[in-house]
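**Q** The structure that follows is given in the form of structure tokens.
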Amino acid sequence: MGIQNFPPALQPIIQQGFLEREFQQALRSRLGYRAVADRDEIAVGIGETLTKTRTGLKPSVTTPLSPSTNTNLDNGLTPANWGIEQYTLTLNFYAATADLNMVTSRVGIASQFLQNAYTNGEQAARSLDELARNALFSAYFGGNSRVTQTLTAAGPAIHVDDIRGFQNAFVNGVQVAVSSSNPLAVTLGSDIYTLIGATADATNTSTAPNGVSGTLTFGSNVTVADGTQNNSVMAATASSILRPAGRGNTALLQANDTLNMGNLLDAVATLRKNAVPEIDGVYNCYLDPVSARQLFSDPDFKTLFTGATSSNAVFHDGMVNNFLGLRFIPTTEAFVQSHPTISGLSVRRPIICGQGALIEGDFAGIGADDVAPKDSIVTIVDSVAMVTREPIDRLQQIIAQSWYWIGGFCAPSDTTTTPLTVPTATNAAFKRAVMVEHAG
């Protein structure tokens with residue numbers, strides 16, 4: 001009831017302007033990337049870096065053993081071993097805190113203690129989701145780049161936008177620095193060259209999210225035609241990145257290169273070619289709301305749902321559910337990048353993931369009783385320690401509300417999965433996710 005409805009004589013005695021006795025919550029980011037990670041507990045007392053080994057398979061045997069060679073102690077057989085590959089998880093320490101004076105907070109309009117706890121929890125969840133996103137995309141950007149400076153004359157070195165995926169080569173399943181003794185085949189322009197070195201710039205100018213600009217050095221001279229600005233640079237072991245109209249790199253995307261159903265079907269096909277396991281029957285597709293909106297405008301998508309009623313879950317929810325072999329997960333944490341060459345245009349990156357695309361290592365010693373004081377409150381929530389410390393100031397008034405997490409994320413490789421063991425497999429070092437780049 002408005003105060004103006006009271007008699008004028010009573011209005012002055014009615015207090016106005018009280019603050020609402022409850023904090024309104026801020027908008028929250030929609031998270032999801034951490035959910036794709038397989039959890040792995042890192043035991044106490046083994047150091048801060050853990051290297052794990054994954055075994056490969058042996059090639060199929062389709063040639064019968066010749067009776068003429070089935071002699072002697074070896075029966076004409078040559079021993080062959082399976083391959084291995086290794087990935088490394090590094091533990092890091094992440095934390096944040098807030099102080100609260102329990103005496104002065106009592107004059108506030110609502111419980112600052114509860115608000116601090118809520119805000120700390122949201123900060124921790126968002127921080128870990130972004131760490132998971134960064135680790136996932138870092139691997140799946142690898143081996144895909146473009147020339148940023150045209151060569152003035154043929155020479156062995158070119159400058160590229162991003163050297164991730166070009167710095168190391170896999171030797172017996174272990175990543176070693178690219179060199180003349182450990183080279184890497186790279187397609188540059190229309191030719192294939194042998195990469196022998198990758199050097200990061202002192203000042204990073206990469207336009208890719210978390211990219212590392214630098215120089216690639218080859219074992220022979222690169223022609224001016226191949227070393228022309230915006231030519232694509234792709235390692236033989238490059239991760240799969242799909243783009244509308246078959247664009248070779250990010251800078252070549254045009255304004256009408258929007259997300260379409262064909263891109264997603266190609267991504268599913270690529271994962272299945274590599275025999276990537278599904279997650280509860282489908283692959284996870286993480287995409288932002290603009291990407292989802294473009295999908296609804298795709299003619300193939302519209303045809304698929306021609307005749308669908310308003311009760312159809314896809315249109316009722318305003319977002320697709322499980323179909324096309326995909327589980328669509330909207331997120332506001334997706335990378336959105338300004339187009340490198342077209343002003344006012346953005347580049348968006350849905351990513352389609354299978355099981356094992358990401359590994360999360362959680363330190364087993366988080367919140368151990370012999371670390372946390374007995375008079376503190378430590379609660380472990382989804383592997384994150386939420387800590388409330390007692391007042392230790394002179395007036396015994398100020399408490400500390402904090403959170404911390406000890407762990408790390410990594411994207412494991414699948415170099416032992418080759419056409420010799422899985423005939424449809426690609427040569428990508430990282431096979432368990434496929435990125436789609438499009439304009440929007």
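Residues in the structure tokens are numbered from 1 in each chain, the chains being A, B, ... in the order shown, and ligands are numbered from 1 in the order shown.
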Can you tell me which residues surround Tyr87 in chain A at a distance of at most 9 Å, considering only C-alpha atoms, apart from same-chain residues fewer than 5 positions away, and format the answer as an NGL selection string?
**A** :A and (50-54 or 173-175 or 410-413)
**Q** What does the file look like for those residues with N, CA, C and O atoms, as a compact mmCIF listing (two decimals), in the first residue's frame?
**A**
```txt
# COMPACT_ATOMS: atom_id res chain seq x y z
N LEU A 50 52.79 -34.91 -11.01
CA LEU A 50 52.56 -36.34 -11.18
C LEU A 50 52.49 -36.66 -12.66
O LEU A 50 51.72 -36.04 -13.41
N THR A 51 53.31 -37.61 -13.11
CA THR A 51 53.30 -38.06 -14.50
C THR A 51 52.61 -39.41 -14.57
O THR A 51 53.00 -40.35 -13.88
N LYS A 52 51.60 -39.49 -15.42
CA LYS A 52 50.86 -40.74 -15.57
C LYS A 52 51.13 -41.32 -16.95
O LYS A 52 51.36 -40.58 -17.92
N THR A 53 51.10 -42.64 -17.03
CA THR A 53 51.41 -43.33 -18.27
C THR A 53 50.17 -44.05 -18.79
O THR A 53 49.49 -44.76 -18.05
N ARG A 54 49.89 -43.85 -20.07
CA ARG A 54 48.77 -44.52 -20.73
C ARG A 54 49.33 -45.47 -21.78
O ARG A 54 50.17 -45.10 -22.59
N GLY A 173 55.84 -41.31 -27.00
CA GLY A 173 54.78 -40.94 -26.08
C GLY A 173 55.10 -39.82 -25.11
O GLY A 173 54.26 -39.44 -24.31
N VAL A 174 56.31 -39.27 -25.20
CA VAL A 174 56.73 -38.21 -24.28
C VAL A 174 56.96 -36.93 -25.09
O VAL A 174 57.57 -36.96 -26.17
N GLN A 175 56.47 -35.80 -24.57
CA GLN A 175 56.66 -34.53 -25.27
C GLN A 175 58.08 -34.02 -25.06
O GLN A 175 58.54 -33.90 -23.92
N CYS A 410 44.64 -31.03 -16.70
CA CYS A 410 45.42 -31.25 -17.92
C CYS A 410 44.56 -32.01 -18.92
O CYS A 410 43.63 -32.74 -18.54
N ALA A 411 44.88 -31.83 -20.19
CA ALA A 411 44.22 -32.57 -21.27
C ALA A 411 45.18 -33.66 -21.73
O ALA A 411 46.24 -33.37 -22.28
N PRO A 412 44.85 -34.92 -21.51
CA PRO A 412 45.74 -36.01 -21.91
C PRO A 412 45.72 -36.22 -23.42
O PRO A 412 44.70 -35.98 -24.09
N SER A 413 46.83 -36.69 -23.96
CA SER A 413 46.94 -36.95 -25.39
C SER A 413 46.51 -38.37 -25.71
O SER A 413 46.32 -39.20 -24.82
```
**Q** Just want the 7 Å neighbourhood of Asp99 in chain A, counted on only C-alpha atoms, with same-chain residues fewer than 6 positions away dropped. Output as a PDB file with N, CA and C atoms, in the first residue's frame.
**A**
```
ATOM      1  N   ILE A 398      37.315  -9.731  14.515  1.00  0.00           N
ATOM      2  CA  ILE A 398      37.426  -9.910  13.060  1.00  0.00           C
ATOM      3  C   ILE A 398      37.695 -11.380  12.716  1.00  0.00           C
ATOM      4  N   ILE A 399      36.781 -11.957  11.993  1.00  0.00           N
ATOM      5  CA  ILE A 399      36.977 -13.322  11.512  1.00  0.00           C
ATOM      6  C   ILE A 399      37.385 -13.269  10.038  1.00  0.00           C
ATOM      7  N   ALA A 400      37.995 -14.354   9.554  1.00  0.00           N
ATOM      8  CA  ALA A 400      38.380 -14.458   8.149  1.00  0.00           C
ATOM      9  C   ALA A 400      37.595 -15.593   7.506  1.00  0.00           C
ATOM     10  N   GLN A 401      36.980 -15.314   6.378  1.00  0.00           N
ATOM     11  CA  GLN A 401      36.265 -16.330   5.596  1.00  0.00           C
ATOM     12  C   GLN A 401      37.022 -16.530   4.285  1.00  0.00           C
TER      13      GLN A 401
END
```
**Q** Pick from A:Asn172, A:Ser206, A:Asn230, A:Thr331: nearest to Asp129 in chain A, with only C-alpha atoms counted?
**A**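 Among the listed residues, A:Thr331 lies closest to Asp129 in chain A.
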**Q** To one decimal place in Å, what is the distance between CA of Ala132 in chain A and CA of Asp280 in chain A?
**A**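 Interatomic distance, CA of Ala132 in chain A to CA of Asp280 in chain A: 20.1 Å.
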**Q** Measuring atom to atom with only C-alpha atoms, identify which of A:Leu420, A:Val178, A:Leu128, A:Leu136 is nearest to Trp403 in chain A.
**A**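 Among A:Leu420, A:Val178, A:Leu128, A:Leu136, it is A:Leu128 that comes nearest to Trp403 in chain A.
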**Q** Could you pull the residues within 8 Å of Arg349 in chain A, counting only C-alpha atoms, minus those fewer than 5 positions along the same chain, as an mmCIF file with all heavy atoms, in the first residue's frame?
**A**
```cif
data_model
loop_
_atom_site.group_PDB
_atom_site.id
_atom_site.type_symbol
_atom_site.label_atom_id
_atom_site.label_comp_id
_atom_site.auth_asym_id
_atom_site.auth_seq_id
_atom_site.Cartn_x
_atom_site.Cartn_y
_atom_site.Cartn_z
ATOM 1 N N LEU A 287 28.533 -24.357 -25.383
ATOM 2 C CA LEU A 287 28.374 -23.240 -26.316
ATOM 3 C C LEU A 287 27.712 -22.073 -25.614
ATOM 4 O O LEU A 287 27.000 -22.244 -24.622
ATOM 5 C CB LEU A 287 27.572 -23.659 -27.537
ATOM 6 C CG LEU A 287 26.046 -23.873 -27.419
ATOM 7 C CD1 LEU A 287 25.461 -24.109 -28.804
ATOM 8 C CD2 LEU A 287 25.669 -24.988 -26.490
ATOM 9 N N ALA A 334 32.355 -19.286 -22.222
ATOM 10 C CA ALA A 334 32.986 -19.589 -23.508
ATOM 11 C C ALA A 334 33.862 -18.430 -23.967
ATOM 12 O O ALA A 334 33.557 -17.257 -23.716
ATOM 13 C CB ALA A 334 31.920 -19.896 -24.558
ATOM 14 N N PHE A 335 34.958 -18.756 -24.653
ATOM 15 C CA PHE A 335 35.839 -17.723 -25.193
ATOM 16 C C PHE A 335 35.134 -16.975 -26.328
ATOM 17 O O PHE A 335 34.626 -17.583 -27.279
ATOM 18 C CB PHE A 335 37.124 -18.339 -25.744
ATOM 19 C CG PHE A 335 38.133 -18.693 -24.691
ATOM 20 C CD1 PHE A 335 38.646 -19.973 -24.611
ATOM 21 C CD2 PHE A 335 38.585 -17.741 -23.785
ATOM 22 C CE1 PHE A 335 39.587 -20.307 -23.649
ATOM 23 C CE2 PHE A 335 39.532 -18.065 -22.819
ATOM 24 C CZ PHE A 335 40.027 -19.352 -22.758
ATOM 25 N N VAL A 336 35.100 -15.647 -26.242
ATOM 26 C CA VAL A 336 34.609 -14.796 -27.318
ATOM 27 C C VAL A 336 35.727 -13.833 -27.673
ATOM 28 O O VAL A 336 36.208 -13.091 -26.819
ATOM 29 C CB VAL A 336 33.339 -14.018 -26.904
ATOM 30 C CG1 VAL A 336 32.863 -13.145 -28.051
ATOM 31 C CG2 VAL A 336 32.240 -14.987 -26.477
ATOM 32 N N MET A 435 36.868 -28.507 -31.578
ATOM 33 C CA MET A 435 36.429 -27.132 -31.469
ATOM 34 C C MET A 435 35.787 -26.684 -32.774
ATOM 35 O O MET A 435 36.210 -27.096 -33.848
ATOM 36 C CB MET A 435 37.622 -26.232 -31.145
ATOM 37 C CG MET A 435 37.256 -24.829 -30.703
ATOM 38 S SD MET A 435 38.704 -23.725 -30.624
ATOM 39 C CE MET A 435 39.870 -24.718 -29.713
ATOM 40 N N VAL A 436 34.762 -25.855 -32.671
ATOM 41 C CA VAL A 436 34.136 -25.231 -33.836
ATOM 42 C C VAL A 436 34.304 -23.722 -33.704
ATOM 43 O O VAL A 436 33.896 -23.142 -32.694
ATOM 44 C CB VAL A 436 32.649 -25.590 -33.950
ATOM 45 C CG1 VAL A 436 32.014 -24.881 -35.150
ATOM 46 C CG2 VAL A 436 32.464 -27.108 -34.083
ATOM 47 N N GLU A 437 34.904 -23.105 -34.696
ATOM 48 C CA GLU A 437 35.035 -21.643 -34.718
ATOM 49 C C GLU A 437 34.033 -21.076 -35.715
ATOM 50 O O GLU A 437 33.930 -21.566 -36.839
ATOM 51 C CB GLU A 437 36.453 -21.232 -35.144
ATOM 52 C CG GLU A 437 37.499 -21.385 -34.078
ATOM 53 C CD GLU A 437 38.837 -20.762 -34.491
ATOM 54 O OE1 GLU A 437 38.998 -20.422 -35.684
ATOM 55 O OE2 GLU A 437 39.703 -20.635 -33.630
ATOM 56 N N HIS A 438 33.316 -20.028 -35.300
ATOM 57 C CA HIS A 438 32.383 -19.393 -36.214
ATOM 58 C C HIS A 438 32.235 -17.921 -35.868
ATOM 59 O O HIS A 438 32.617 -17.470 -34.765
ATOM 60 C CB HIS A 438 31.016 -20.096 -36.171
ATOM 61 C CG HIS A 438 30.281 -19.910 -34.874
ATOM 62 N ND1 HIS A 438 29.404 -18.895 -34.635
ATOM 63 C CD2 HIS A 438 30.300 -20.655 -33.723
ATOM 64 C CE1 HIS A 438 28.906 -18.994 -33.415
ATOM 65 N NE2 HIS A 438 29.432 -20.054 -32.823
#
```
**Q** Going by DSSP on the backbone, which residues of range 146-336 of chain A come out as alpha helix (DSSP H)? List them as a VMD selection string.
**A** chain A and resid 261 to 273 289 to 297 299 to 304 313 to 316
**Q** Considering only C-alpha atoms, give me a table of residues in range 254-352 of chain A that are at most 9 Å from range 424-430 of chain A, with the closest atom pair and distance in Å for each, as JSON lines.
**A**
```
{"residue": "A:Thr270", "atom": "CA", "partner": "A:Thr426", "partner_atom": "CA", "distance": 8.2}
{"residue": "A:Leu271", "atom": "CA", "partner": "A:Ala425", "partner_atom": "CA", "distance": 8.9}
{"residue": "A:Arg272", "atom": "CA", "partner": "A:Thr424", "partner_atom": "CA", "distance": 8.7}
{"residue": "A:Lys273", "atom": "CA", "partner": "A:Thr424", "partner_atom": "CA", "distance": 5.0}
{"residue": "A:Asn274", "atom": "CA", "partner": "A:Ala425", "partner_atom": "CA", "distance": 4.4}
{"residue": "A:Ala275", "atom": "CA", "partner": "A:Ala425", "partner_atom": "CA", "distance": 7.5}
```
**Q** Quick one: which range 124-243 of chain A residues come within 12 Å of range 383-388 of chain A, and what is the nearest atom pair for each with the distance in Å to one decimal, counting only C-alpha atoms, rows ordered by chain and ascending number, as JSON lines?
**A**
```
{"residue": "A:Ala124", "atom": "CA", "partner": "A:Val384", "partner_atom": "CA", "distance": 7.6}
{"residue": "A:Ala125", "atom": "CA", "partner": "A:Val384", "partner_atom": "CA", "distance": 8.7}
{"residue": "A:Arg126", "atom": "CA", "partner": "A:Val384", "partner_atom": "CA", "distance": 12.0}
{"residue": "A:Ser127", "atom": "CA", "partner": "A:Val384", "partner_atom": "CA", "distance": 11.1}
{"residue": "A:Leu128", "atom": "CA", "partner": "A:Val384", "partner_atom": "CA", "distance": 9.4}
```
**Q** Save the residues we just selected, N, CA, C and O atoms, as a PDB file, in the first residue's frame?
**A**
```pdb
ATOM      1  N   ALA A 124      34.947 -19.428  -6.015  1.00  0.00           N
ATOM      2  CA  ALA A 124      35.712 -20.665  -6.134  1.00  0.00           C
ATOM      3  C   ALA A 124      35.224 -21.506  -7.307  1.00  0.00           C
ATOM      4  O   ALA A 124      36.017 -22.020  -8.098  1.00  0.00           O
ATOM      5  N   ALA A 125      33.904 -21.660  -7.423  1.00  0.00           N
ATOM      6  CA  ALA A 125      33.350 -22.463  -8.511  1.00  0.00           C
ATOM      7  C   ALA A 125      33.690 -21.875  -9.868  1.00  0.00           C
ATOM      8  O   ALA A 125      34.069 -22.604 -10.806  1.00  0.00           O
ATOM      9  N   ARG A 126      33.574 -20.557  -9.994  1.00  0.00           N
ATOM     10  CA  ARG A 126      33.888 -19.910 -11.273  1.00  0.00           C
ATOM     11  C   ARG A 126      35.369 -19.983 -11.594  1.00  0.00           C
ATOM     12  O   ARG A 126      35.766 -20.181 -12.755  1.00  0.00           O
ATOM     13  N   SER A 127      36.211 -19.854 -10.573  1.00  0.00           N
ATOM     14  CA  SER A 127      37.656 -19.926 -10.787  1.00  0.00           C
ATOM     15  C   SER A 127      38.066 -21.296 -11.302  1.00  0.00           C
ATOM     16  O   SER A 127      38.839 -21.413 -12.263  1.00  0.00           O
ATOM     17  N   LEU A 128      37.543 -22.360 -10.686  1.00  0.00           N
ATOM     18  CA  LEU A 128      37.897 -23.708 -11.124  1.00  0.00           C
ATOM     19  C   LEU A 128      37.342 -24.009 -12.507  1.00  0.00           C
ATOM     20  O   LEU A 128      37.972 -24.708 -13.304  1.00  0.00           O
TER      21      LEU A 128
END
```
**Q** Near Gly211 in chain A, within 8 Å and counting only C-alpha atoms, which residues show up once chain neighbours fewer than 5 positions away are dropped, as a ChimeraX atom specification?
**A** /A:161-164,206
**Q** Any chance you could export the current selection's N, CA and C atoms as a PDB file, in the first residue's frame?
**A**
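Saved result, result04.pdb, follows:
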```pdb
ATOM      1  N   ASP A 161      50.726 -16.282 -35.203  1.00  0.00           N
ATOM      2  CA  ASP A 161      49.876 -15.731 -34.147  1.00  0.00           C
ATOM      3  C   ASP A 161      49.923 -16.560 -32.869  1.00  0.00           C
ATOM      4  N   ASP A 162      50.173 -17.862 -32.994  1.00  0.00           N
ATOM      5  CA  ASP A 162      50.109 -18.740 -31.820  1.00  0.00           C
ATOM      6  C   ASP A 162      51.031 -19.940 -32.043  1.00  0.00           C
ATOM      7  N   ILE A 163      51.978 -20.159 -31.129  1.00  0.00           N
ATOM      8  CA  ILE A 163      52.928 -21.272 -31.292  1.00  0.00           C
ATOM      9  C   ILE A 163      52.559 -22.482 -30.452  1.00  0.00           C
ATOM     10  N   ARG A 164      51.419 -22.448 -29.750  1.00  0.00           N
ATOM     11  CA  ARG A 164      51.006 -23.628 -28.995  1.00  0.00           C
ATOM     12  C   ARG A 164      50.773 -24.791 -29.961  1.00  0.00           C
ATOM     13  N   SER A 206      49.603 -12.222 -29.575  1.00  0.00           N
ATOM     14  CA  SER A 206      48.622 -13.183 -30.094  1.00  0.00           C
ATOM     15  C   SER A 206      47.205 -12.673 -29.900  1.00  0.00           C
TER      16      SER A 206
END
```
**Q** One decimal, Å: what's the distance from CA of Ser190 in chain A over to CA of Val222 in chain A, could you say?
**A**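 Spanning CA of Ser190 in chain A to CA of Val222 in chain A is a straight-line distance of 10.8 Å.
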**Q** For a quick check of understanding, using only C-alpha atoms, which of A:Arg39, A:Arg133, A:Phe166, A:Arg146 has the smallest distance to Thr332 in chain A?
**A** A:Arg133
**Q** Taking the backbone alone, and naming residues the way the document does, which bits of range 35-204 of chain A are strand (DSSP E or B) by DSSP, as a PDB file with C-alpha atoms, in the first residue's frame?
**A**
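The resulting part-v7.pdb:
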```pdb
ATOM      1  CA  ALA A  37      36.877 -33.553 -16.262  1.00  0.00           C
ATOM      2  CA  ASP A  38      37.602 -37.011 -14.899  1.00  0.00           C
ATOM      3  CA  ARG A  39      38.497 -36.627 -11.204  1.00  0.00           C
ATOM      4  CA  ASP A  40      41.810 -38.046 -10.008  1.00  0.00           C
ATOM      5  CA  GLU A  41      42.935 -37.780  -6.376  1.00  0.00           C
ATOM      6  CA  ILE A  42      46.632 -36.967  -5.985  1.00  0.00           C
ATOM      7  CA  THR A  49      53.929 -32.951 -10.192  1.00  0.00           C
ATOM      8  CA  LEU A  50      52.558 -36.336 -11.181  1.00  0.00           C
ATOM      9  CA  THR A  51      53.301 -38.058 -14.497  1.00  0.00           C
ATOM     10  CA  LYS A  52      50.859 -40.741 -15.570  1.00  0.00           C
ATOM     11  CA  THR A  53      51.407 -43.334 -18.275  1.00  0.00           C
ATOM     12  CA  ARG A  54      48.768 -44.516 -20.731  1.00  0.00           C
ATOM     13  CA  THR A  55      49.377 -47.705 -22.709  1.00  0.00           C
ATOM     14  CA  ILE A  84      53.000 -45.676 -24.322  1.00  0.00           C
ATOM     15  CA  GLU A  85      52.331 -41.993 -23.810  1.00  0.00           C
ATOM     16  CA  GLN A  86      52.567 -39.814 -20.754  1.00  0.00           C
ATOM     17  CA  TYR A  87      50.780 -36.763 -19.417  1.00  0.00           C
ATOM     18  CA  THR A  88      51.665 -34.596 -16.464  1.00  0.00           C
ATOM     19  CA  LEU A  89      49.441 -33.111 -13.765  1.00  0.00           C
ATOM     20  CA  THR A  90      50.910 -30.206 -11.814  1.00  0.00           C
ATOM     21  CA  ASN A  92      48.965 -25.457  -7.840  1.00  0.00           C
ATOM     22  CA  PHE A  93      47.538 -23.528  -4.912  1.00  0.00           C
ATOM     23  CA  TYR A  94      44.566 -21.197  -5.406  1.00  0.00           C
ATOM     24  CA  ALA A  95      42.873 -19.202  -2.634  1.00  0.00           C
ATOM     25  CA  ALA A  96      40.945 -16.055  -1.747  1.00  0.00           C
ATOM     26  CA  THR A  97      39.641 -14.495   1.467  1.00  0.00           C
ATOM     27  CA  ALA A  98      37.409 -11.834   3.007  1.00  0.00           C
ATOM     28  CA  ASP A  99      37.457 -10.276   6.483  1.00  0.00           C
ATOM     29  CA  LEU A 100      34.392  -9.591   8.555  1.00  0.00           C
ATOM     30  CA  ASN A 101      34.061  -7.606  11.797  1.00  0.00           C
ATOM     31  CA  ASN A 144      46.602 -24.392 -35.575  1.00  0.00           C
ATOM     32  CA  SER A 145      47.895 -20.932 -36.392  1.00  0.00           C
ATOM     33  CA  ARG A 146      48.370 -18.346 -39.147  1.00  0.00           C
ATOM     34  CA  VAL A 147      51.139 -16.171 -40.564  1.00  0.00           C
ATOM     35  CA  GLY A 155      63.704 -17.578 -45.516  1.00  0.00           C
ATOM     36  CA  PRO A 156      63.529 -20.304 -42.849  1.00  0.00           C
ATOM     37  CA  ALA A 157      61.557 -18.335 -40.205  1.00  0.00           C
ATOM     38  CA  ILE A 158      57.999 -17.003 -40.111  1.00  0.00           C
ATOM     39  CA  HIS A 159      56.065 -15.100 -37.466  1.00  0.00           C
ATOM     40  CA  VAL A 160      52.785 -16.689 -36.369  1.00  0.00           C
ATOM     41  CA  ASN A 168      56.881 -29.916 -28.691  1.00  0.00           C
ATOM     42  CA  ALA A 169      56.828 -33.195 -30.565  1.00  0.00           C
ATOM     43  CA  PHE A 170      55.871 -36.595 -29.192  1.00  0.00           C
ATOM     44  CA  VAL A 171      58.753 -39.078 -29.063  1.00  0.00           C
ATOM     45  CA  VAL A 174      56.734 -38.209 -24.284  1.00  0.00           C
ATOM     46  CA  GLN A 175      56.656 -34.532 -25.271  1.00  0.00           C
ATOM     47  CA  VAL A 176      60.104 -33.169 -26.137  1.00  0.00           C
ATOM     48  CA  ALA A 177      61.099 -29.777 -27.494  1.00  0.00           C
ATOM     49  CA  LEU A 184      57.637 -31.793 -36.703  1.00  0.00           C
ATOM     50  CA  ALA A 185      55.942 -31.796 -40.114  1.00  0.00           C
ATOM     51  CA  VAL A 186      53.952 -28.584 -40.703  1.00  0.00           C
ATOM     52  CA  THR A 187      51.703 -27.579 -43.590  1.00  0.00           C
ATOM     53  CA  LEU A 188      52.316 -23.923 -44.410  1.00  0.00           C
ATOM     54  CA  ASP A 191      53.510 -26.929 -48.958  1.00  0.00           C
ATOM     55  CA  ILE A 192      54.844 -29.124 -46.149  1.00  0.00           C
ATOM     56  CA  TYR A 193      57.940 -28.036 -44.217  1.00  0.00           C
ATOM     57  CA  THR A 194      60.019 -29.545 -41.416  1.00  0.00           C
ATOM     58  CA  LEU A 195      59.782 -27.520 -38.207  1.00  0.00           C
ATOM     59  CA  ILE A 196      62.953 -27.481 -36.087  1.00  0.00           C
ATOM     60  CA  GLY A 197      62.277 -24.672 -33.616  1.00  0.00           C
ATOM     61  CA  ALA A 198      59.615 -22.470 -32.005  1.00  0.00           C
ATOM     62  CA  THR A 199      60.398 -19.300 -30.053  1.00  0.00           C
ATOM     63  CA  ALA A 200      57.890 -17.177 -28.125  1.00  0.00           C
TER      64      ALA A 200
END
```
**Q** So, counting only C-alpha atoms, which residue among A:Val434, A:Ala43, A:Ala255, A:Ala225 is closest to Thr341 in chain A?
**A** A:Ala255
**Q** Nearest residue to Phe137 in chain A out of A:Asp257, A:Glu390, A:Asp298, A:Glu333, using only C-alpha atoms?
**A**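 The answer is A:Glu333, which sits nearest to Phe137 in chain A.
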